[in-house]
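This is entry-v6.txt. It holds compact mmCIF, C-alpha atoms.
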# COMPACT_ATOMS: atom_id res chain seq x y z
CA GLY A 1 87.64 114.42 137.91
CA ALA A 2 86.50 110.87 137.30
CA SER A 3 85.50 111.55 133.72
CA GLY A 4 89.16 111.54 132.66
CA THR A 5 89.78 108.04 133.95
CA SER A 6 87.08 106.49 131.83
CA ASN A 7 88.89 106.95 128.54
CA ASN A 8 92.44 105.60 128.32
CA ASN A 9 93.34 107.64 125.27
CA THR A 10 92.45 110.92 126.92
CA ILE A 11 95.23 113.39 126.18
CA ILE A 12 96.56 114.82 129.42
CA ALA A 13 99.40 116.95 128.04
CA LEU A 14 101.11 118.07 124.85
CA VAL A 15 104.89 118.36 124.59
CA ASN A 16 106.02 119.78 121.25
CA GLU A 17 104.85 117.13 118.77
CA ASN A 18 104.25 114.47 121.43
CA VAL A 19 101.18 113.67 123.48
CA ILE A 20 100.95 112.23 126.97
CA THR A 21 97.87 110.04 127.27
CA PHE A 22 96.22 108.88 130.43
CA LYS A 23 97.13 105.29 129.59
CA SER A 24 100.85 106.03 129.26
CA ILE A 25 101.13 107.08 132.91
CA GLU A 26 98.17 105.18 134.34
CA ASN A 27 100.31 102.94 136.55
CA GLN A 28 102.07 105.85 138.19
CA LEU A 29 98.82 107.74 138.73
CA ILE A 30 97.21 104.89 140.69
CA ASP A 31 99.23 105.64 143.83
CA THR A 32 98.51 109.38 143.80
CA ASN A 33 96.02 111.12 146.01
CA SER A 34 96.36 114.83 145.42
CA LEU A 35 96.33 116.87 142.23
CA ASP A 36 99.83 118.06 143.10
CA GLU A 37 101.14 114.50 143.08
CA LYS A 38 99.46 113.87 139.73
CA LEU A 39 101.02 117.02 138.28
CA GLU A 40 104.42 115.93 139.55
CA ILE A 41 104.12 112.68 137.62
CA ILE A 42 103.07 114.53 134.48
CA ASP A 43 105.98 116.85 135.06
CA SER A 44 108.54 114.06 135.12
CA GLN A 45 106.91 112.54 132.04
CA ILE A 46 107.32 115.89 130.23
CA GLU A 47 111.01 115.98 131.20
CA PHE A 48 111.38 112.40 130.03
CA ILE A 49 109.87 113.19 126.62
CA LEU A 50 112.01 116.31 126.20
CA GLN A 51 115.17 114.31 126.93
CA ILE A 52 114.29 111.45 124.58
CA GLU A 53 113.34 113.97 121.89
CA ASN A 54 116.68 115.72 122.26
CA ALA A 55 118.60 112.43 122.33
CA ASN A 56 116.92 111.48 119.04
CA GLU A 57 118.00 114.77 117.48
CA LEU A 58 121.58 114.10 118.59
CA GLU A 59 121.25 110.47 117.42
CA VAL A 60 122.14 109.07 120.82
CA ASN A 61 121.85 105.28 120.81
CA PRO A 62 123.01 103.09 123.68
CA SER A 63 125.16 100.17 122.52
CA GLN A 64 123.65 96.68 122.27
CA ASN A 65 126.36 95.67 124.71
CA ASP A 66 125.21 98.08 127.42
CA ILE A 67 121.58 97.03 126.95
CA LEU A 68 122.54 93.37 127.20
CA GLU A 69 124.53 94.06 130.37
CA VAL A 70 121.55 95.65 132.13
CA LEU A 71 119.17 92.90 130.97
CA THR A 72 121.58 90.25 132.23
CA GLN A 73 121.76 92.08 135.55
CA VAL A 74 117.94 92.13 135.80
CA ALA A 75 117.79 88.41 135.02
CA ASN A 76 120.46 87.64 137.64
CA ASN A 77 118.67 89.73 140.26
CA ASN A 78 115.55 87.65 139.67
CA ASN A 79 117.43 84.35 139.57
CA ILE A 80 116.32 83.53 136.04
CA THR A 81 118.16 83.16 132.75
CA LEU A 82 118.17 85.83 130.08
CA GLU A 83 116.11 83.50 127.87
CA GLN A 84 113.45 83.17 130.56
CA LEU A 85 113.35 86.93 131.01
CA LYS A 86 112.84 87.40 127.28
CA SER A 87 109.85 85.05 127.33
CA TYR A 88 107.93 87.19 129.86
CA PRO A 89 105.03 89.23 128.44
CA GLU A 90 106.41 92.36 130.18
CA PHE A 91 109.76 91.99 128.39
CA PRO A 92 109.14 94.44 125.52
CA SER A 93 108.23 97.27 127.89
CA LEU A 94 111.18 96.44 130.17
CA HIS A 95 113.49 96.40 127.16
CA LEU A 96 112.24 99.80 126.05
CA GLU A 97 112.53 101.24 129.54
CA ILE A 98 116.18 100.14 129.75
CA ILE A 99 116.96 101.62 126.33
CA ASN A 100 115.36 104.90 127.40
CA ARG A 101 117.21 105.01 130.71
CA LEU A 102 120.58 104.34 129.05
CA THR A 103 119.78 106.91 126.35
CA ILE A 104 119.15 109.59 128.98
CA LEU A 105 122.36 108.67 130.84
CA GLU A 106 124.31 108.99 127.61
CA LEU A 107 122.62 112.31 126.86
CA GLN A 108 123.67 113.59 130.30
CA GLN A 109 127.26 112.62 129.57
CA ILE A 110 127.20 114.35 126.19
CA ILE A 111 125.71 117.57 127.56
CA THR A 112 128.17 117.79 130.47
CA LYS A 113 131.29 116.25 128.95
CA ASP A 114 133.03 119.39 127.68
CA ILE A 115 132.27 121.57 130.67
CA LYS A 116 135.25 122.26 132.90
CA PHE A 117 133.93 122.32 136.46
CA ASN A 118 136.68 124.10 138.33
CA LEU A 119 136.75 123.78 142.11
CA THR A 120 137.79 126.67 144.31
CA ASP A 121 139.90 125.98 147.39
CA ASP A 122 136.95 127.16 149.48
CA GLU A 123 134.61 124.60 147.94
CA VAL A 124 137.12 121.86 148.64
CA ASN A 125 137.80 123.01 152.21
CA ILE A 126 134.12 123.34 153.10
CA ASN A 127 132.99 120.05 151.53
CA CYS A 128 136.00 117.86 152.07
CA ILE A 129 136.75 118.30 155.75
CA ASN A 130 138.65 115.52 157.50
CA THR A 131 139.79 114.02 154.22
CA ASN A 132 143.25 115.47 154.48
CA ASN A 133 144.85 112.56 156.34
CA LYS A 134 148.00 112.67 154.22
CA ASN A 135 147.82 108.96 153.47
CA ASN A 136 149.12 109.77 150.04
CA VAL A 137 149.32 107.28 147.21
CA LYS A 138 151.37 107.57 144.06
CA GLN A 139 149.68 107.96 140.70
CA ILE A 140 151.25 108.16 137.27
CA ARG A 141 150.09 109.00 133.76
CA ILE A 142 151.44 107.14 130.78
CA ALA A 143 151.00 107.48 127.05
CA GLN A 144 150.63 104.27 125.09
CA ILE A 145 150.49 103.04 121.54
CA ILE A 146 148.42 99.89 121.19
CA ILE A 147 148.41 97.97 117.92
CA SER A 148 145.97 95.09 117.38
CA GLN A 149 147.10 94.16 113.90
CA VAL A 150 149.29 95.31 111.06
CA GLU A 151 147.42 96.08 107.85
CA ASN A 152 148.66 94.50 104.58
CA LEU A 153 150.94 91.89 106.12
CA ASP A 154 154.22 91.23 104.41
CA LYS A 155 154.15 87.76 102.81
CA THR A 156 157.09 86.69 104.96
CA ASP A 157 155.28 87.65 108.18
CA ASN A 158 152.79 84.84 108.45
CA ASN A 159 152.26 85.71 112.07
CA GLN A 160 150.37 88.83 113.20
CA GLU A 161 152.09 88.95 116.55
CA ILE A 162 155.57 88.96 115.02
CA ALA A 163 154.49 91.63 112.53
CA VAL A 164 153.02 93.85 115.26
CA ARG A 165 156.05 93.42 117.53
CA ASN A 166 158.42 94.31 114.68
CA PHE A 167 156.36 97.39 113.88
CA LEU A 168 156.36 98.50 117.55
CA LEU A 169 160.13 97.97 117.78
CA LYS A 170 160.57 100.24 114.76
CA LEU A 171 158.39 102.93 116.36
CA SER A 172 160.22 102.54 119.67
CA ASP A 173 163.53 102.98 117.88
CA HIS A 174 162.38 106.23 116.23
CA ILE A 175 161.02 107.56 119.55
CA VAL A 176 164.27 106.89 121.40
CA LYS A 177 166.01 108.84 118.62
CA GLY A 178 163.71 111.80 119.23
CA ALA A 179 160.52 111.21 117.23
CA SER A 180 157.28 112.35 118.91
CA PHE A 181 155.50 109.58 120.83
CA GLU A 182 152.32 111.66 120.72
CA ALA A 183 152.43 112.00 116.94
CA PHE A 184 152.95 108.25 116.50
CA ALA A 185 150.09 107.50 118.89
CA LYS A 186 147.73 109.75 116.92
CA LEU A 187 148.81 108.11 113.70
CA HIS A 188 149.03 104.44 114.65
CA SER A 189 147.42 103.57 117.99
CA HIS A 190 144.24 101.46 117.88
CA HIS A 191 143.18 102.57 121.36
CA PRO A 192 140.52 105.34 121.72
CA SER A 193 143.13 107.42 123.59
CA TYR A 194 144.95 107.95 120.27
CA THR A 195 143.02 111.23 119.88
CA ASN A 196 145.04 112.82 122.69
CA GLY A 197 148.36 111.23 121.88
CA GLY A 198 147.74 107.99 123.78
CA LEU A 199 147.59 109.73 127.16
CA SER A 200 146.00 107.73 129.99
CA ASP A 201 144.03 108.89 133.01
CA TRP A 202 145.87 108.94 136.35
CA LEU A 203 146.73 105.37 137.30
CA LEU A 204 147.37 104.00 140.78
CA VAL A 205 150.75 102.36 141.11
CA ASP A 206 149.31 99.14 142.48
CA ASN A 207 150.26 96.28 140.17
CA PRO A 208 153.39 94.93 138.46
CA THR A 209 152.59 96.38 135.01
CA ILE A 210 152.11 99.89 136.39
CA GLU A 211 155.22 99.51 138.57
CA MET A 212 157.06 98.70 135.34
CA PHE A 213 155.76 101.95 133.80
CA ASP A 214 156.68 103.84 136.96
CA SER A 215 160.29 102.72 136.73
CA LEU A 216 160.71 104.12 133.19
CA GLN A 217 163.19 106.97 132.91
CA ASP A 218 162.41 110.21 131.11
CA GLY A 219 162.28 109.50 127.35
CA GLU A 220 162.61 105.73 127.87
CA VAL A 221 160.14 103.52 125.99
CA SER A 222 158.75 100.43 127.74
CA SER A 223 159.32 96.97 126.42
CA ILE A 224 156.39 95.53 124.45
CA TYR A 225 153.52 94.27 126.63
CA VAL A 226 150.17 92.62 125.91
CA THR A 227 146.80 94.34 126.47
CA ASP A 228 143.16 93.40 125.77
CA LEU A 229 143.39 95.27 122.47
CA GLY A 230 146.73 94.02 121.25
CA TRP A 231 150.44 94.70 121.81
CA ALA A 232 151.68 97.97 123.18
CA ILE A 233 154.53 100.27 124.15
CA ALA A 234 154.34 103.15 126.62
CA ILE A 235 156.23 106.07 128.09
CA LYS A 236 155.80 107.60 131.54
CA VAL A 237 154.46 111.14 131.25
CA ASP A 238 153.84 112.38 134.77
CA GLU A 239 153.56 111.41 138.43
CA ARG A 240 151.87 112.82 141.53
CA TYR A 241 151.04 111.91 145.10
CA VAL A 242 147.42 112.25 146.11
CA ASP A 243 145.13 111.60 149.01
CA PRO A 244 142.50 109.21 147.54
CA ASP A 245 139.78 110.35 150.00
CA LEU A 246 140.28 113.94 148.93
CA GLU A 247 140.19 112.99 145.25
CA ASN A 248 136.94 111.05 145.76
CA CYS A 249 135.45 114.01 147.58
CA LYS A 250 136.41 116.36 144.73
CA GLU A 251 134.92 113.97 142.19
CA LYS A 252 131.68 113.94 144.15
CA ILE A 253 131.47 117.77 144.09
CA ILE A 254 132.15 117.81 140.35
CA TYR A 255 129.46 115.16 139.83
CA LEU A 256 126.94 117.31 141.73
CA LYS A 257 127.94 120.36 139.68
CA ALA A 258 127.44 118.37 136.49
CA GLN A 259 124.01 117.25 137.75
CA LYS A 260 123.05 120.86 138.44
CA PHE A 261 124.34 121.98 135.05
CA TYR A 262 122.23 119.28 133.39
CA ALA A 263 119.14 120.21 135.39
CA ASP A 264 119.54 123.84 134.29
CA TRP A 265 120.01 122.72 130.69
CA LEU A 266 116.84 120.65 130.96
CA GLY A 267 115.04 123.68 132.39
CA GLY A 268 116.12 125.60 129.29
CA LEU A 269 114.69 122.85 127.07
CA ARG A 270 111.41 123.17 128.95
CA ASP A 271 111.30 126.92 128.55
CA SER A 272 111.69 126.70 124.81
CA ALA A 273 109.28 123.77 124.34
CA TYR A 274 105.57 123.95 123.61
CA ILE A 275 103.89 122.43 126.65
CA LYS A 276 100.20 122.30 127.50
CA ILE A 277 98.73 120.42 130.45
CA TYR A 278 95.00 119.63 130.67
CA SER A 279 94.75 119.40 134.45
CA ASP A 280 90.95 119.34 134.28
CA LYS A 281 91.24 115.85 132.76
CA LEU A 282 92.84 114.55 135.95
Could you quickly redo this structure as structure tokens?
Amino acid sequence: GASGTSNNNTIIALVNENVITFKSIENQLIDTNSLDEKLEIIDSQIEFILQIENANELEVNPSQNDILEVLTQVANNNNITLEQLKSYPEFPSLHLEIINRLTILELQQIITKDIKFNLTDDEVNINCINTNNKNNVKQIRIAQIIISQVENLDKTDNNQEIAVRNFLLKLSDHIVKGASFEAFAKLHSHHPSYTNGGLSDWLLVDNPTIEMFDSLQDGEVSSIYVTDLGWAIAIKVDERYVDPDLENCKEKIIYLKAQKFYADWLGGLRDSAYIKIYSDKL
């Protein structure tokens, strides 16, 4: 009833150790007419709190870079500079909202990242009709070792690039003679892919660098090339021909499965949380 609206600090719900006050969701409640709509808003606020709470436990923090990217995007969309955006009185709450949204996205990725969502042929056939046009494109996988700098430079090597190139040539030499590329990648590569032996995702053969990789023979090491992270060598690991439409369709199904998995996980969080809603205060 109306009595609840008079006091902004009225507690509308409890979620574990957190409270939801009238003031915290006041703006969303303005547009609601029925009790059901109000409860829906409280519901999504409860889910929000549970996710943020869990993210804090897992120490999920979006990077400053990602936050900056979204803020820049918001500024661009409003045709103002980032500085102007920061001077607005609403900026602190916008900033917090973006941090929260990115935190929840990251949490979703963490919760679903190790799940293998296998697709049955039936699922593919039912959901991906008409995508089998056989306009196949070639994809390859490579493994690479990327070195940005050589630690403890030899006095004679005044130049990082020369030092790195010499080091890569040495590695390349050992690999051609039978040393394990994967082992070297795990040991020396400065690229995050070092954890799985430098292996890349599937790459489209659609530019000169990748065509160069594609032409490598079995066991042949590429010549040294430059990347954003430093200098690199690669080997070609695998190739396949795929229908891109079909691959996109499969990715979409896997995305939906991941969404469902996350929703179920969130439901489990709810079930084990202490939640109390004072609907009489609405």
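With all atoms listed in the file as the atoms that count, the residue of A:Ser193, A:Thr72, A:Gln28, A:Asn54 with the shortest distance to Ile146 (chain A) is A:Ser193.
Computed from the coordinates, the CA of Pro89 (chain A) to CA of Val70 (chain A) distance equals 18.1 Å.
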Nearby residues (all atoms listed in the file) at most 10 Å from region 175-181 of chain A, same-chain spacing under 5 positions excluded, as a PyMOL selection string: chain A and resi 143-145+169-170+186-187+197-198+219-221+233-235
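Atom pair CA of Asp228 (chain A) / CA of Asn61 (chain A): separated by 24.9 Å.
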- request: Pick out the residues sitting within 12 Å of Leu256 (chain A), and hand them over as number ranges by chain; count all atoms listed in the file, and ignore anything fewer than 6 positions along from it in its own chain.
  value: A: 112, 117, 119, 127, 249-250, 262-263
task: Counting all atoms listed in the file, figure out which residue out of A:Ile253, A:Ile142, A:Gly267, A:Ile30 gets nearest to Ser222 (chain A).
output: A:Ile142
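With all atoms listed in the file taken into account, every residue lying no more than 6 Å from the file point (150.0, 92.5, 110.5) is included here: Gln149, Val150, Glu151, Leu153, Gln160, Ala163 and Val164 of chain A.
When only C-alpha atoms are used to measure the gap to Asn125 (chain A), the shortest distance among A:Arg141, A:Gln217, A:Leu246, A:Lys281 belongs to A:Leu246.
With distances taken over all atoms listed in the file, A:Gln108 is the one residue among A:Lys276, A:Ile224, A:Gln108, A:Ile147 lying closest to Lys260 (chain A).
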Within 10 Å of region 42-45 of chain A, counting all atoms listed in the file, which residues qualify if same-chain residues fewer than 5 places away don't, as a CSV table (one decimal) with C-alpha atoms, keeping the file's coordinate frame?
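Result written to out.csv:
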chain,number,residue,atom,x,y,z
A,12,ILE,CA,96.6,114.8,129.4
A,13,ALA,CA,99.4,117.0,128.0
A,15,VAL,CA,104.9,118.4,124.6
A,20,ILE,CA,101.0,112.2,127.0
A,21,THR,CA,97.9,110.0,127.3
A,22,PHE,CA,96.2,108.9,130.4
A,24,SER,CA,100.8,106.0,129.3
A,25,ILE,CA,101.1,107.1,132.9
A,28,GLN,CA,102.1,105.8,138.2
A,29,LEU,CA,98.8,107.7,138.7
A,36,ASP,CA,99.8,118.1,143.1
A,37,GLU,CA,101.1,114.5,143.1
A,50,LEU,CA,112.0,116.3,126.2
A,51,GLN,CA,115.2,114.3,126.9
A,277,ILE,CA,98.7,120.4,130.4
A,279,SER,CA,94.8,119.4,134.4
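CA of Glu123 (chain A) lies 28.9 Å from CA of Leu269 (chain A).
Among the candidates A:Glu106, A:Asp114, A:Glu53, A:Asp243, the one nearest to Glu17 (chain A) when counting only C-alpha atoms is A:Glu53.
Restricting the calculation to only C-alpha atoms, the smallest distance between Ile254 (chain A) and any of A:Val242, A:Lys113, A:Leu35, A:Leu204 is found for A:Lys113.
Neighbours of Leu229 (chain A) closer than or equal to 9 Å, with only C-alpha atoms counted and sequence neighbours fewer than 3 positions away skipped, come out as Ile146, Ile147, Ser148, His190, His191, Val226 and Ala232 of chain A.
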